[in-house]
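Structure, as structure tokens:
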Amino acid sequence: MKLSMLLLNYLGKTGRDTPLMAAAIFSAGWNVFESVESLEKPLNWLLFNYYLTTCLQSSISRHRQMLEKLFDMDLVMKARTVREFDKQFTSVMFGYRTIDDYYEDASPCRKLKSVGIPVLCLNSVDDVFSPRHAIPVEAAKQNANVALVLTSCGGHIGFLEGIWPRKCTYMDRVFKQFVQAIFEHGNKFFSM
């Protein structure tokens, strides 16, 4: 989710001024406010939020001595949600005044209109990291460079098929077709 958000934000800021020819985005978290709210629902907190928070804490705990000069590490390590961790650590680390400023800037839904290259976005409406109501369908319709594909199921980067999914996933097939189209017909896209 984070990589998709970073790439979408980059594309929204650079427009056509990028060395990239095209991009494929899978399971983007379009609106960080909505993503963390979804993750804080009881079942989602139990299944995802708590684990993600402890992983974030673990990733910085080995640098605690150095980080204590910059952060209140006791508060960081007491965080029980991604939002609490972001408030105490991530937003501070990147120089934001508030967590709301950070989440506003990190939400790619506000920059979609400025994307200047062909972008394929694949999301599932049952993804707890990107709730259906937060997917910017109308904004995508306003930009000819953006193709937004929504599936009814697939979760977060799942898109598995069949009872015993062992082969290529829907996401794999869509990505392959998109890359093939860019290489075979890219000149048509870029002359638009």
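Note on naming: chains are A, B, ... as they come in the structure tokens, residues start from 1 per chain, ligands start from 1 in the order shown.
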- request: Name the residues in contact with Cys153 in chain A at a cut-off of 12 Å, using only C-alpha atoms, excluding same-chain residues fewer than 5 positions from it; report them as a list in words.
  value: Ser27, Leu122, Asn123, Ser124, Val125, Asp126, Asp127, Val128, Pro131, Arg132, Gly158, Phe159, Leu160, Glu161, Tyr170 and Met171 of chain A
Convert the current residue selection to file output with N, CA and C atoms, as a CSV table (one decimal), in the first residue's frame.
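Saved file again-v7.csv follows:
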chain,number,residue,atom,x,y,z
A,27,SER,N,-3.7,-2.0,-5.2
A,27,SER,CA,-4.2,-1.9,-3.8
A,27,SER,C,-3.7,-0.7,-3.1
A,122,LEU,N,-5.4,-1.0,-9.8
A,122,LEU,CA,-6.3,-2.1,-9.5
A,122,LEU,C,-6.6,-2.1,-8.0
A,123,ASN,N,-7.8,-2.1,-7.7
A,123,ASN,CA,-8.2,-2.1,-6.3
A,123,ASN,C,-9.4,-3.1,-6.1
A,124,SER,N,-9.5,-3.6,-4.9
A,124,SER,CA,-10.6,-4.5,-4.6
A,124,SER,C,-11.5,-3.7,-3.6
A,125,VAL,N,-12.8,-3.8,-3.8
A,125,VAL,CA,-13.7,-3.0,-2.9
A,125,VAL,C,-13.8,-3.7,-1.5
A,126,ASP,N,-13.2,-4.9,-1.3
A,126,ASP,CA,-13.2,-5.5,0.0
A,126,ASP,C,-11.9,-5.3,0.7
A,127,ASP,N,-11.1,-4.4,0.2
A,127,ASP,CA,-9.7,-4.2,0.8
A,127,ASP,C,-9.9,-3.3,2.1
A,128,VAL,N,-9.5,-3.9,3.2
A,128,VAL,CA,-9.7,-3.1,4.5
A,128,VAL,C,-8.7,-1.9,4.6
A,131,PRO,N,-10.9,1.3,1.9
A,131,PRO,CA,-12.4,1.1,1.9
A,131,PRO,C,-13.0,1.6,0.6
A,132,ARG,N,-14.1,0.9,0.2
A,132,ARG,CA,-14.8,1.2,-1.1
A,132,ARG,C,-15.1,2.7,-1.2
A,158,GLY,N,-4.5,-9.4,-2.9
A,158,GLY,CA,-4.8,-10.8,-3.0
A,158,GLY,C,-5.1,-11.3,-4.4
A,159,PHE,N,-6.3,-11.0,-4.9
A,159,PHE,CA,-6.7,-11.3,-6.2
A,159,PHE,C,-6.5,-12.7,-6.6
A,160,LEU,N,-6.6,-13.6,-5.6
A,160,LEU,CA,-6.4,-15.0,-5.9
A,160,LEU,C,-7.7,-15.6,-6.5
A,161,GLU,N,-7.5,-16.7,-7.3
A,161,GLU,CA,-8.7,-17.3,-7.9
A,161,GLU,C,-8.7,-18.8,-7.7
A,170,TYR,N,-5.1,-12.8,-10.9
A,170,TYR,CA,-5.8,-11.8,-11.7
A,170,TYR,C,-4.8,-10.6,-11.8
A,171,MET,N,-4.2,-10.2,-10.7
A,171,MET,CA,-3.3,-9.1,-10.7
A,171,MET,C,-2.1,-9.3,-11.6
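Between Pro108 in chain A and the residues A:Val82, A:Ile182, A:Leu8, A:Val137, the shortest atom-to-atom distance, using only C-alpha atoms, involves A:Leu8.
Going from CA of Ala140 in chain A over to CA of Asn44 in chain A, you cover 27.4 Å.
Between CA of Ile25 in chain A and CA of Cys121 in chain A the separation is 4.6 Å.
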Find the residues around Pro118 in chain A up to 8 Å (only C-alpha atoms counted), leave out those fewer than 3 positions away in its own chain, and share them as a PDB file with N, CA, C and O atoms, in the first residue's frame.
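Output file selection-v1.pdb follows:
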ATOM      1  N   MET A  21       7.379   5.892 -18.308  1.00  0.00           N
ATOM      2  CA  MET A  21       6.467   5.837 -19.452  1.00  0.00           C
ATOM      3  C   MET A  21       5.036   5.565 -19.005  1.00  0.00           C
ATOM      4  O   MET A  21       4.080   6.014 -19.628  1.00  0.00           O
ATOM      5  N   ALA A  22       4.900   4.760 -17.959  1.00  0.00           N
ATOM      6  CA  ALA A  22       3.593   4.353 -17.453  1.00  0.00           C
ATOM      7  C   ALA A  22       3.809   3.760 -16.058  1.00  0.00           C
ATOM      8  O   ALA A  22       4.946   3.561 -15.634  1.00  0.00           O
ATOM      9  N   ALA A  23       2.707   3.467 -15.380  1.00  0.00           N
ATOM     10  CA  ALA A  23       2.811   2.869 -14.047  1.00  0.00           C
ATOM     11  C   ALA A  23       1.600   1.981 -13.786  1.00  0.00           C
ATOM     12  O   ALA A  23       0.508   2.237 -14.303  1.00  0.00           O
ATOM     13  N   ASN A 145      -5.644   9.679 -18.373  1.00  0.00           N
ATOM     14  CA  ASN A 145      -4.443   8.879 -18.142  1.00  0.00           C
ATOM     15  C   ASN A 145      -4.649   7.775 -17.122  1.00  0.00           C
ATOM     16  O   ASN A 145      -3.795   6.900 -16.970  1.00  0.00           O
ATOM     17  N   VAL A 146      -5.736   7.815 -16.391  1.00  0.00           N
ATOM     18  CA  VAL A 146      -5.953   6.886 -15.288  1.00  0.00           C
ATOM     19  C   VAL A 146      -7.020   5.856 -15.640  1.00  0.00           C
ATOM     20  O   VAL A 146      -8.133   6.208 -16.015  1.00  0.00           O
ATOM     21  N   ALA A 147      -6.645   4.588 -15.535  1.00  0.00           N
ATOM     22  CA  ALA A 147      -7.601   3.486 -15.667  1.00  0.00           C
ATOM     23  C   ALA A 147      -7.737   2.848 -14.292  1.00  0.00           C
ATOM     24  O   ALA A 147      -6.765   2.314 -13.754  1.00  0.00           O
ATOM     25  N   PHE A 189      -0.512   6.114 -26.715  1.00  0.00           N
ATOM     26  CA  PHE A 189      -0.790   6.717 -25.412  1.00  0.00           C
ATOM     27  C   PHE A 189      -0.067   8.056 -25.258  1.00  0.00           C
ATOM     28  O   PHE A 189      -0.616   9.000 -24.726  1.00  0.00           O
TER      29      PHE A 189
END
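In this structure, CA of Leu3 in chain A sits 13.2 Å away from CA of Val32 in chain A.
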message: Considering only C-alpha atoms, can you say which of A:Val179, A:Ser91, A:Val115, A:His133 comes closest to Tyr10 in chain A?
response: A:Val115
task: Please provide as a ChimeraX atom specification all residues within 10 Å of Lys113 in chain A, with the sequence filter that same-chain residues fewer than 6 positions apart are discarded (counting only C-alpha atoms).
output: /A:12,15,139-146
Include all heavy atoms and write out the residues we just selected as a PDB file, in the first residue's frame.
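Saved to again_1.pdb:
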ATOM      1  N   GLY A  12       1.437  12.370  -9.217  1.00  0.00           N
ATOM      2  CA  GLY A  12       0.555  13.523  -9.090  1.00  0.00           C
ATOM      3  C   GLY A  12       1.316  14.825  -8.970  1.00  0.00           C
ATOM      4  O   GLY A  12       0.852  15.879  -9.412  1.00  0.00           O
ATOM      5  N   GLY A  15       3.362  15.147 -12.787  1.00  0.00           N
ATOM      6  CA  GLY A  15       2.582  15.211 -14.027  1.00  0.00           C
ATOM      7  C   GLY A  15       3.289  14.473 -15.150  1.00  0.00           C
ATOM      8  O   GLY A  15       3.655  13.319 -15.011  1.00  0.00           O
ATOM      9  N   ALA A 139     -12.813  11.056  -9.537  1.00  0.00           N
ATOM     10  CA  ALA A 139     -11.555  11.713  -9.911  1.00  0.00           C
ATOM     11  C   ALA A 139     -10.849  10.938 -11.017  1.00  0.00           C
ATOM     12  O   ALA A 139     -10.276  11.535 -11.939  1.00  0.00           O
ATOM     13  CB  ALA A 139     -10.643  11.861  -8.692  1.00  0.00           C
ATOM     14  N   ALA A 140     -10.903   9.625 -10.962  1.00  0.00           N
ATOM     15  CA  ALA A 140     -10.280   8.800 -12.003  1.00  0.00           C
ATOM     16  C   ALA A 140     -10.974   9.016 -13.348  1.00  0.00           C
ATOM     17  O   ALA A 140     -10.313   9.068 -14.391  1.00  0.00           O
ATOM     18  CB  ALA A 140     -10.316   7.327 -11.602  1.00  0.00           C
ATOM     19  N   LYS A 141     -12.284   9.167 -13.327  1.00  0.00           N
ATOM     20  CA  LYS A 141     -13.039   9.406 -14.563  1.00  0.00           C
ATOM     21  C   LYS A 141     -12.642  10.729 -15.216  1.00  0.00           C
ATOM     22  O   LYS A 141     -12.781  10.892 -16.431  1.00  0.00           O
ATOM     23  CB  LYS A 141     -14.542   9.433 -14.282  1.00  0.00           C
ATOM     24  CG  LYS A 141     -15.133   8.084 -13.973  1.00  0.00           C
ATOM     25  CD  LYS A 141     -16.626   8.238 -13.688  1.00  0.00           C
ATOM     26  CE  LYS A 141     -17.273   6.939 -13.294  1.00  0.00           C
ATOM     27  NZ  LYS A 141     -18.702   7.113 -12.978  1.00  0.00           N
ATOM     28  N   GLN A 142     -12.151  11.669 -14.425  1.00  0.00           N
ATOM     29  CA  GLN A 142     -11.800  12.997 -14.937  1.00  0.00           C
ATOM     30  C   GLN A 142     -10.416  13.049 -15.578  1.00  0.00           C
ATOM     31  O   GLN A 142     -10.047  14.073 -16.157  1.00  0.00           O
ATOM     32  CB  GLN A 142     -11.874  14.033 -13.809  1.00  0.00           C
ATOM     33  CG  GLN A 142     -13.217  14.124 -13.123  1.00  0.00           C
ATOM     34  CD  GLN A 142     -14.343  14.471 -14.076  1.00  0.00           C
ATOM     35  OE1 GLN A 142     -14.217  15.365 -14.888  1.00  0.00           O
ATOM     36  NE2 GLN A 142     -15.441  13.744 -13.980  1.00  0.00           N
ATOM     37  N   ASN A 143      -9.627  11.989 -15.470  1.00  0.00           N
ATOM     38  CA  ASN A 143      -8.269  11.984 -16.012  1.00  0.00           C
ATOM     39  C   ASN A 143      -8.131  10.827 -16.995  1.00  0.00           C
ATOM     40  O   ASN A 143      -8.161   9.665 -16.616  1.00  0.00           O
ATOM     41  CB  ASN A 143      -7.242  11.850 -14.882  1.00  0.00           C
ATOM     42  CG  ASN A 143      -5.818  12.020 -15.366  1.00  0.00           C
ATOM     43  OD1 ASN A 143      -5.499  11.783 -16.528  1.00  0.00           O
ATOM     44  ND2 ASN A 143      -4.941  12.422 -14.469  1.00  0.00           N
ATOM     45  N   ALA A 144      -7.944  11.160 -18.274  1.00  0.00           N
ATOM     46  CA  ALA A 144      -7.837  10.142 -19.326  1.00  0.00           C
ATOM     47  C   ALA A 144      -6.600   9.262 -19.165  1.00  0.00           C
ATOM     48  O   ALA A 144      -6.526   8.189 -19.759  1.00  0.00           O
ATOM     49  CB  ALA A 144      -7.809  10.825 -20.694  1.00  0.00           C
ATOM     50  N   ASN A 145      -5.644   9.679 -18.373  1.00  0.00           N
ATOM     51  CA  ASN A 145      -4.443   8.879 -18.142  1.00  0.00           C
ATOM     52  C   ASN A 145      -4.649   7.775 -17.122  1.00  0.00           C
ATOM     53  O   ASN A 145      -3.795   6.900 -16.970  1.00  0.00           O
ATOM     54  CB  ASN A 145      -3.291   9.770 -17.660  1.00  0.00           C
ATOM     55  CG  ASN A 145      -2.772  10.658 -18.747  1.00  0.00           C
ATOM     56  OD1 ASN A 145      -2.459  10.197 -19.833  1.00  0.00           O
ATOM     57  ND2 ASN A 145      -2.692  11.947 -18.462  1.00  0.00           N
ATOM     58  N   VAL A 146      -5.736   7.815 -16.391  1.00  0.00           N
ATOM     59  CA  VAL A 146      -5.953   6.886 -15.288  1.00  0.00           C
ATOM     60  C   VAL A 146      -7.020   5.856 -15.640  1.00  0.00           C
ATOM     61  O   VAL A 146      -8.133   6.208 -16.015  1.00  0.00           O
ATOM     62  CB  VAL A 146      -6.374   7.645 -14.003  1.00  0.00           C
ATOM     63  CG1 VAL A 146      -6.669   6.676 -12.872  1.00  0.00           C
ATOM     64  CG2 VAL A 146      -5.283   8.629 -13.604  1.00  0.00           C
TER      65      VAL A 146
END
message: Taking only range 4-89 of chain A into account, list the residues labelled strand (DSSP E) by DSSP (computed from the backbone), as a ChimeraX atom specification.
response: /A:23-26
For the selection you just gave me, I'd like the residues written to a file as a short mmCIF file (atom, residue, chain, number, x, y, z; two decimals), in the first residue's frame, keeping N, CA and C atoms.
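Dumped to selection-v7.cif:
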data_model
loop_
_atom_site.label_atom_id
_atom_site.label_comp_id
_atom_site.auth_asym_id
_atom_site.auth_seq_id
_atom_site.Cartn_x
_atom_site.Cartn_y
_atom_site.Cartn_z
N ALA A 23 2.71 3.47 -15.38
CA ALA A 23 2.81 2.87 -14.05
C ALA A 23 1.60 1.98 -13.79
N ALA A 24 1.82 0.95 -13.00
CA ALA A 24 0.74 0.09 -12.54
C ALA A 24 0.72 0.16 -11.01
N ILE A 25 -0.46 0.37 -10.48
CA ILE A 25 -0.65 0.55 -9.04
C ILE A 25 -1.61 -0.52 -8.56
N PHE A 26 -1.22 -1.23 -7.50
CA PHE A 26 -2.08 -2.28 -6.96
C PHE A 26 -2.41 -2.01 -5.50
#
Quick check for you: according to DSSP on this backbone, which residues of range 28-159 of chain A are classed as helix (DSSP H, G or I)? Reply as a CSV table (one decimal) with N, CA, C and O atoms, in the first residue's frame.
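Result saved to out.csv:
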chain,number,residue,atom,x,y,z
A,32,VAL,N,-5.6,8.2,3.4
A,32,VAL,CA,-5.0,7.7,4.6
A,32,VAL,C,-6.0,7.8,5.8
A,32,VAL,O,-6.0,6.9,6.7
A,33,PHE,N,-6.7,8.9,5.9
A,33,PHE,CA,-7.7,9.1,7.0
A,33,PHE,C,-8.7,7.9,7.0
A,33,PHE,O,-8.9,7.3,8.1
A,34,GLU,N,-9.2,7.5,5.8
A,34,GLU,CA,-10.2,6.4,5.7
A,34,GLU,C,-9.5,5.1,6.0
A,34,GLU,O,-10.1,4.2,6.5
A,35,SER,N,-8.2,5.0,5.5
A,35,SER,CA,-7.5,3.7,5.7
A,35,SER,C,-7.3,3.4,7.2
A,35,SER,O,-7.6,2.3,7.7
A,36,VAL,N,-6.8,4.4,7.9
A,36,VAL,CA,-6.6,4.1,9.4
A,36,VAL,C,-7.9,4.0,10.1
A,36,VAL,O,-7.9,3.2,11.1
A,37,GLU,N,-8.9,4.7,9.7
A,37,GLU,CA,-10.2,4.5,10.4
A,37,GLU,C,-10.7,3.0,10.2
A,37,GLU,O,-11.2,2.4,11.1
A,38,SER,N,-10.6,2.5,8.9
A,38,SER,CA,-11.0,1.2,8.6
A,38,SER,C,-10.1,0.2,9.5
A,38,SER,O,-10.7,-0.8,10.0
A,39,LEU,N,-8.8,0.4,9.6
A,39,LEU,CA,-8.0,-0.5,10.3
A,39,LEU,C,-8.2,-0.5,11.8
A,39,LEU,O,-7.8,-1.4,12.6
A,42,PRO,N,-12.8,-3.0,15.2
A,42,PRO,CA,-12.4,-4.0,16.1
A,42,PRO,C,-11.8,-5.3,15.4
A,42,PRO,O,-10.6,-5.7,15.8
A,43,LEU,N,-12.4,-5.8,14.4
A,43,LEU,CA,-11.9,-7.0,13.8
A,43,LEU,C,-10.6,-6.7,13.0
A,43,LEU,O,-9.6,-7.4,13.1
A,44,ASN,N,-10.6,-5.6,12.3
A,44,ASN,CA,-9.4,-5.2,11.5
A,44,ASN,C,-8.2,-4.8,12.5
A,44,ASN,O,-7.1,-5.1,12.1
A,45,TRP,N,-8.6,-4.2,13.6
A,45,TRP,CA,-7.5,-3.9,14.6
A,45,TRP,C,-6.8,-5.2,15.0
A,45,TRP,O,-5.6,-5.4,15.1
A,46,LEU,N,-7.7,-6.2,15.3
A,46,LEU,CA,-7.2,-7.5,15.8
A,46,LEU,C,-6.4,-8.2,14.7
A,46,LEU,O,-5.3,-8.8,15.0
A,47,LEU,N,-6.9,-8.2,13.5
A,47,LEU,CA,-6.2,-9.0,12.4
A,47,LEU,C,-5.0,-8.3,11.8
A,47,LEU,O,-4.1,-8.9,11.3
A,48,PHE,N,-5.1,-6.9,11.7
A,48,PHE,CA,-4.1,-6.2,10.9
A,48,PHE,C,-3.3,-5.1,11.7
A,48,PHE,O,-2.1,-5.1,11.8
A,49,ASN,N,-4.1,-4.2,12.3
A,49,ASN,CA,-3.6,-3.0,12.9
A,49,ASN,C,-2.5,-3.3,14.0
A,49,ASN,O,-1.5,-2.7,14.0
A,50,TYR,N,-2.9,-4.1,14.9
A,50,TYR,CA,-2.0,-4.5,16.1
A,50,TYR,C,-0.7,-5.0,15.5
A,50,TYR,O,0.4,-4.6,15.9
A,51,TYR,N,-0.8,-6.0,14.6
A,51,TYR,CA,0.4,-6.6,14.1
A,51,TYR,C,1.3,-5.6,13.3
A,51,TYR,O,2.5,-5.6,13.5
A,52,LEU,N,0.7,-4.8,12.5
A,52,LEU,CA,1.4,-3.8,11.7
A,52,LEU,C,2.1,-2.8,12.7
A,52,LEU,O,3.3,-2.4,12.4
A,53,THR,N,1.4,-2.4,13.7
A,53,THR,CA,2.0,-1.5,14.7
A,53,THR,C,3.2,-2.1,15.4
A,53,THR,O,4.3,-1.4,15.5
A,54,THR,N,3.1,-3.3,15.8
A,54,THR,CA,4.2,-4.0,16.5
A,54,THR,C,5.4,-4.2,15.5
A,54,THR,O,6.6,-4.1,15.9
A,55,CYS,N,5.1,-4.4,14.2
A,55,CYS,CA,6.2,-4.5,13.2
A,55,CYS,C,6.9,-3.2,13.0
A,55,CYS,O,8.1,-3.1,12.9
A,56,LEU,N,6.1,-2.1,13.0
A,56,LEU,CA,6.7,-0.8,12.9
A,56,LEU,C,7.6,-0.5,14.1
A,56,LEU,O,8.7,0.0,13.9
A,57,GLN,N,7.1,-0.8,15.2
A,57,GLN,CA,7.9,-0.5,16.5
A,57,GLN,C,9.2,-1.4,16.5
A,57,GLN,O,10.2,-0.9,16.8
A,58,SER,N,9.0,-2.6,16.0
A,58,SER,CA,10.2,-3.5,16.0
A,58,SER,C,11.3,-3.0,15.0
A,58,SER,O,12.5,-3.1,15.3
A,59,SER,N,10.8,-2.4,13.9
A,59,SER,CA,11.7,-1.9,12.9
A,59,SER,C,12.6,-0.8,13.4
A,59,SER,O,13.7,-0.5,12.9
A,60,ILE,N,12.1,0.0,14.3
A,60,ILE,CA,12.9,1.1,14.9
A,60,ILE,C,13.5,0.9,16.2
A,60,ILE,O,14.4,1.6,16.6
A,61,SER,N,13.1,-0.2,16.9
A,61,SER,CA,13.5,-0.4,18.3
A,61,SER,C,15.0,-0.6,18.4
A,61,SER,O,15.7,-0.2,19.4
A,64,ARG,N,16.9,2.6,19.0
A,64,ARG,CA,16.3,3.4,20.0
A,64,ARG,C,17.2,4.4,20.6
A,64,ARG,O,16.8,5.6,20.8
A,65,GLN,N,18.4,4.0,20.9
A,65,GLN,CA,19.4,5.0,21.5
A,65,GLN,C,19.5,6.2,20.7
A,65,GLN,O,19.5,7.4,21.2
A,66,MET,N,19.7,6.1,19.4
A,66,MET,CA,19.9,7.2,18.5
A,66,MET,C,18.6,8.0,18.4
A,66,MET,O,18.6,9.2,18.4
A,67,LEU,N,17.5,7.3,18.3
A,67,LEU,CA,16.2,8.0,18.1
A,67,LEU,C,15.6,8.7,19.3
A,67,LEU,O,14.9,9.7,19.2
A,73,MET,N,10.5,8.1,22.7
A,73,MET,CA,10.4,6.7,22.3
A,73,MET,C,9.5,5.9,23.2
A,73,MET,O,9.0,4.9,22.8
A,74,ASP,N,9.3,6.4,24.4
A,74,ASP,CA,8.4,5.7,25.3
A,74,ASP,C,7.0,5.7,24.7
A,74,ASP,O,6.2,4.7,24.7
A,75,LEU,N,6.6,6.9,24.2
A,75,LEU,CA,5.3,7.1,23.6
A,75,LEU,C,5.2,6.3,22.3
A,75,LEU,O,4.2,5.7,22.0
A,76,VAL,N,6.3,6.3,21.5
A,76,VAL,CA,6.3,5.5,20.2
A,76,VAL,C,6.1,4.1,20.5
A,76,VAL,O,5.3,3.4,19.8
A,77,MET,N,6.8,3.5,21.5
A,77,MET,CA,6.7,2.1,21.8
A,77,MET,C,5.4,1.7,22.5
A,77,MET,O,5.0,0.6,22.6
A,78,LYS,N,4.6,2.7,23.0
A,78,LYS,CA,3.3,2.5,23.6
A,78,LYS,C,2.2,2.5,22.6
A,78,LYS,O,1.1,2.2,23.0
A,82,VAL,N,-1.6,2.0,14.2
A,82,VAL,CA,-0.8,2.7,13.2
A,82,VAL,C,-0.9,4.2,13.3
A,82,VAL,O,0.0,4.9,13.2
A,83,ARG,N,-2.2,4.6,13.6
A,83,ARG,CA,-2.4,6.1,13.7
A,83,ARG,C,-1.6,6.7,14.9
A,83,ARG,O,-0.9,7.7,14.8
A,84,GLU,N,-1.5,6.0,16.0
A,84,GLU,CA,-0.8,6.4,17.2
A,84,GLU,C,0.7,6.4,16.9
A,84,GLU,O,1.5,7.3,17.2
A,85,PHE,N,1.2,5.4,16.2
A,85,PHE,CA,2.6,5.3,15.8
A,85,PHE,C,2.9,6.5,14.8
A,85,PHE,O,3.9,7.2,15.0
A,86,ASP,N,2.1,6.7,13.8
A,86,ASP,CA,2.3,7.8,12.9
A,86,ASP,C,2.3,9.2,13.6
A,86,ASP,O,3.1,10.0,13.3
A,87,LYS,N,1.4,9.3,14.6
A,87,LYS,CA,1.4,10.6,15.3
A,87,LYS,C,2.7,10.8,16.1
A,87,LYS,O,3.2,11.9,16.1
A,88,GLN,N,3.2,9.8,16.8
A,88,GLN,CA,4.4,9.9,17.6
A,88,GLN,C,5.7,9.8,16.8
A,88,GLN,O,6.7,10.4,17.3
A,89,PHE,N,5.7,9.1,15.7
A,89,PHE,CA,6.9,8.9,15.0
A,89,PHE,C,6.9,9.4,13.6
A,89,PHE,O,7.7,10.3,13.2
A,90,THR,N,6.1,8.8,12.7
A,90,THR,CA,6.2,9.0,11.3
A,90,THR,C,6.0,10.5,10.9
A,90,THR,O,6.8,11.1,10.2
A,91,SER,N,5.0,11.1,11.4
A,91,SER,CA,4.7,12.5,11.1
A,91,SER,C,5.8,13.4,11.6
A,91,SER,O,6.2,14.4,10.9
A,92,VAL,N,6.4,13.1,12.7
A,92,VAL,CA,7.5,13.9,13.3
A,92,VAL,C,8.7,13.7,12.5
A,92,VAL,O,9.4,14.7,12.2
A,93,MET,N,9.0,12.4,12.1
A,93,MET,CA,10.2,12.1,11.4
A,93,MET,C,10.3,12.9,10.1
A,93,MET,O,11.3,13.3,9.6
A,99,ILE,N,-0.4,15.2,12.6
A,99,ILE,CA,-0.6,13.9,11.9
A,99,ILE,C,-1.6,14.2,10.8
A,99,ILE,O,-1.5,13.6,9.7
A,100,ASP,N,-2.6,15.1,11.0
A,100,ASP,CA,-3.5,15.4,9.9
A,100,ASP,C,-2.8,16.0,8.7
A,100,ASP,O,-3.2,15.7,7.5
A,101,ASP,N,-1.8,16.9,8.9
A,101,ASP,CA,-1.0,17.4,7.8
A,101,ASP,C,-0.3,16.3,7.0
A,101,ASP,O,-0.3,16.3,5.8
A,102,TYR,N,0.3,15.4,7.8
A,102,TYR,CA,0.9,14.2,7.2
A,102,TYR,C,0.0,13.4,6.4
A,102,TYR,O,0.2,13.0,5.2
A,103,TYR,N,-1.2,13.0,6.9
A,103,TYR,CA,-2.1,12.2,6.3
A,103,TYR,C,-2.7,12.9,5.0
A,103,TYR,O,-3.0,12.2,4.0
A,104,GLU,N,-2.9,14.2,5.1
A,104,GLU,CA,-3.4,14.9,4.0
A,104,GLU,C,-2.4,14.9,2.8
A,104,GLU,O,-2.8,14.6,1.7
A,105,ASP,N,-1.2,15.1,3.1
A,105,ASP,CA,-0.1,15.1,2.1
A,105,ASP,C,0.1,13.7,1.5
A,105,ASP,O,0.4,13.5,0.4
A,106,ALA,N,-0.1,12.7,2.4
A,106,ALA,CA,0.2,11.3,2.0
A,106,ALA,C,-1.0,10.6,1.2
A,106,ALA,O,-0.8,9.6,0.6
A,108,PRO,N,-3.0,10.0,-1.9
A,108,PRO,CA,-2.9,10.3,-3.3
A,108,PRO,C,-4.3,10.7,-4.0
A,108,PRO,O,-4.2,11.2,-5.1
A,109,CYS,N,-5.4,10.5,-3.3
A,109,CYS,CA,-6.7,10.8,-4.0
A,109,CYS,C,-6.7,12.3,-4.4
A,109,CYS,O,-7.4,12.6,-5.4
A,110,ARG,N,-6.0,13.1,-3.7
A,110,ARG,CA,-6.1,14.5,-4.0
A,110,ARG,C,-5.2,15.0,-5.1
A,110,ARG,O,-5.2,16.1,-5.6
A,112,LEU,N,-4.7,12.8,-8.0
A,112,LEU,CA,-5.0,12.0,-9.1
A,112,LEU,C,-5.2,12.8,-10.4
A,112,LEU,O,-4.8,12.4,-11.5
A,113,LYS,N,-5.8,14.0,-10.3
A,113,LYS,CA,-6.1,14.8,-11.4
A,113,LYS,C,-4.9,15.3,-12.2
A,113,LYS,O,-4.9,15.6,-13.3
A,114,SER,N,-3.7,15.3,-11.5
A,114,SER,CA,-2.5,15.8,-12.1
A,114,SER,C,-1.6,14.7,-12.7
A,114,SER,O,-0.5,15.0,-13.2
A,132,ARG,N,-14.1,0.9,0.2
A,132,ARG,CA,-14.8,1.2,-1.1
A,132,ARG,C,-15.1,2.7,-1.2
A,132,ARG,O,-14.9,3.3,-2.3
A,133,HIS,N,-15.7,3.3,-0.2
A,133,HIS,CA,-16.1,4.7,-0.2
A,133,HIS,C,-14.9,5.7,-0.4
A,133,HIS,O,-15.1,6.8,-0.7
A,134,ALA,N,-13.7,5.2,-0.2
A,134,ALA,CA,-12.5,6.1,-0.3
A,134,ALA,C,-11.8,6.0,-1.6
A,134,ALA,O,-10.9,6.7,-1.9
A,137,VAL,N,-13.3,7.2,-7.5
A,137,VAL,CA,-13.9,6.8,-8.8
A,137,VAL,C,-14.1,8.0,-9.7
A,137,VAL,O,-13.7,8.0,-10.9
A,138,GLU,N,-14.7,9.0,-9.2
A,138,GLU,CA,-15.1,10.2,-10.0
A,138,GLU,C,-13.8,11.0,-10.4
A,138,GLU,O,-13.7,11.4,-11.5
A,139,ALA,N,-12.8,11.1,-9.5
A,139,ALA,CA,-11.6,11.7,-9.9
A,139,ALA,C,-10.8,10.9,-11.0
A,139,ALA,O,-10.3,11.5,-11.9
A,140,ALA,N,-10.9,9.6,-11.0
A,140,ALA,CA,-10.3,8.8,-12.0
A,140,ALA,C,-11.0,9.0,-13.3
A,140,ALA,O,-10.3,9.1,-14.4
A,141,LYS,N,-12.3,9.2,-13.3
A,141,LYS,CA,-13.0,9.4,-14.6
A,141,LYS,C,-12.6,10.7,-15.2
A,141,LYS,O,-12.8,10.9,-16.4
